[in-house]
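Comments concern the structure below.
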Amino acid sequence: AITGSLKKQTLILYDEIINEKNLTKWKDIIEVYRYEQSSDLKLTKLDFQSLYPNNVEKQRVQLVCNVFNEKTVVVLEKKNMKETASFVRNVTKMWNILNIRSISIGYRVKDNDRLPFTDVNDKRLDFLLRMATIFVQMDNSIKGSRIKGLTTETSNALHQTLVGIVDLIKTLLIRGYKYVLPGKISSDRTEGEFGIYRQSSGGNYLISAEQVFSS
């Protein structure tokens with residue numbers, strides 16, 4: 001959803017905590033991709049499929065991760081596209097935090113953002129709440145401009161998910177859990193069930209409620 005909104009060319013977000021207005025441009029990412037096409041050296045994971053996915057490919061997480069990752073941030077910064085780099089960095093950090101599935105991943109890749117949550121005062125929780133606030137402010141119904149924000153549904157979904165995850169992590173730690181892995185709290189099982197429904201309906205990606213019930 002974030003990628004789709006960004007492809008509307010421009011996103012404006014305002015971070016009240018640091019009093020910073022950020023103008024994020026999809027054309028900056030396209031420019032990086034085109035630059036790498038004409039170069040023998042490829043530094044990012046950007047490819048045609050990631051930037052121009054069809055309706056089915058838009059559901060593939062890996063294609064989104066090809067855009068939102070540390071390598072993209074590095075190249076954007078080198079090309080002095082700092083505002084777009086800042087947005088991509090924050091979304092990448094948010095993604096990494098929400099997808100911690102292993103106790104050791106943070107140590108293996110030497111990334112503190114991927115360490116398990118063990119403290120209710122962890123600064124990463126503050127970061128997630130800050131992102132939740134930013135996404136609310138990106139609601140286009142507030143701005144009155146679809147091209148420079150998110151749909152109300154996307155904005156609300158991101159805000160509720162982030163606030164809910166933070167509350168859940170704190171609650172589990174307060175109740176005595178030694179650590180929390182946010183990546184274990186996901187919709188993977190639900191998605192897996194829908195995969196079974198699709199295969200039972202002839203392998204079609206788009207299925208009806210009737211097909212789900214008959215499966």
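The way I read the labels, and the way they are meant: chains A, B, ... in the order of the structure tokens, residue 1 as the first residue of every chain, and ligand 1 as the first ligand shown, with later ones counted on from there.
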Margin query: Can you tell me which residues surround Phe213 (chain A) at a distance of at most 12 Å, considering only C-alpha atoms, apart from same-chain residues fewer than 2 positions away, and format the answer as a list in words?
Written below: Phe194, Tyr197, Arg198, Ser200, Ser201, Ile207, Ser208, Ala209, Glu210, Gln211 and Ser215 of chain A
Check: Which residues, written as number ranges by chain, have at least one atom at most 10 Å from Thr44 (chain A), with only C-alpha atoms counted and residues fewer than 5 positions away on the same chain left out?
Finding: A: 32-33, 36, 66-67, 69-76
Next item on the list: Might you pull out every residue within 7 Å of region 91-102 of chain A, with only C-alpha atoms counted and same-chain residues fewer than 4 positions away left off, and present them as a PyMOL selection string?
Entry: chain A and resi 68-69+87+113-114+116+128+181-184
Check: Could you work out how far CA of Met81 (chain A) lies from CA of Thr133 (chain A), giving the answer in Å with one decimal?
Finding: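 Result for CA of Thr133 (chain A) versus CA of Met81 (chain A): 23.7 Å, one decimal.
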Check: Can you list, as a PyMOL selection string, every residue of chain A that DSSP puts in strand (DSSP E or B)?
Finding: chain A and resi 10-15+20-25+117+139+150+180
Next item on the list: Enumerate, as a ChimeraX atom specification, the complete set of residues in region 16-200 of chain A that a backbone-based DSSP assignment places in alpha helix (DSSP H).
Entry: /A:26-37,48-51,61-67,70-78,82-98,105-108,123-137,140-143,152-174,188-200
Check: Neighbours of Leu125 (chain A) within 12 Å (only C-alpha atoms; same-chain residues fewer than 4 positions away dropped), as number ranges by chain?
Finding: A: 93-94, 97-98, 113, 116-121, 129-132, 162-170, 182
Item checked: Within 10 Å of Asp28 (chain A) using only C-alpha atoms, minus same-chain residues under 3 positions, as a PyMOL selection string -> chain A and resi 9-10+24-25+31-34+76+79-85
Check: Counting only C-alpha atoms, which of A:His159, A:Lys110, A:Arg60, A:Lys45 gets nearest to Met138 (chain A)?
Finding: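 The answer is A:His159, which sits nearest to Met138 (chain A).
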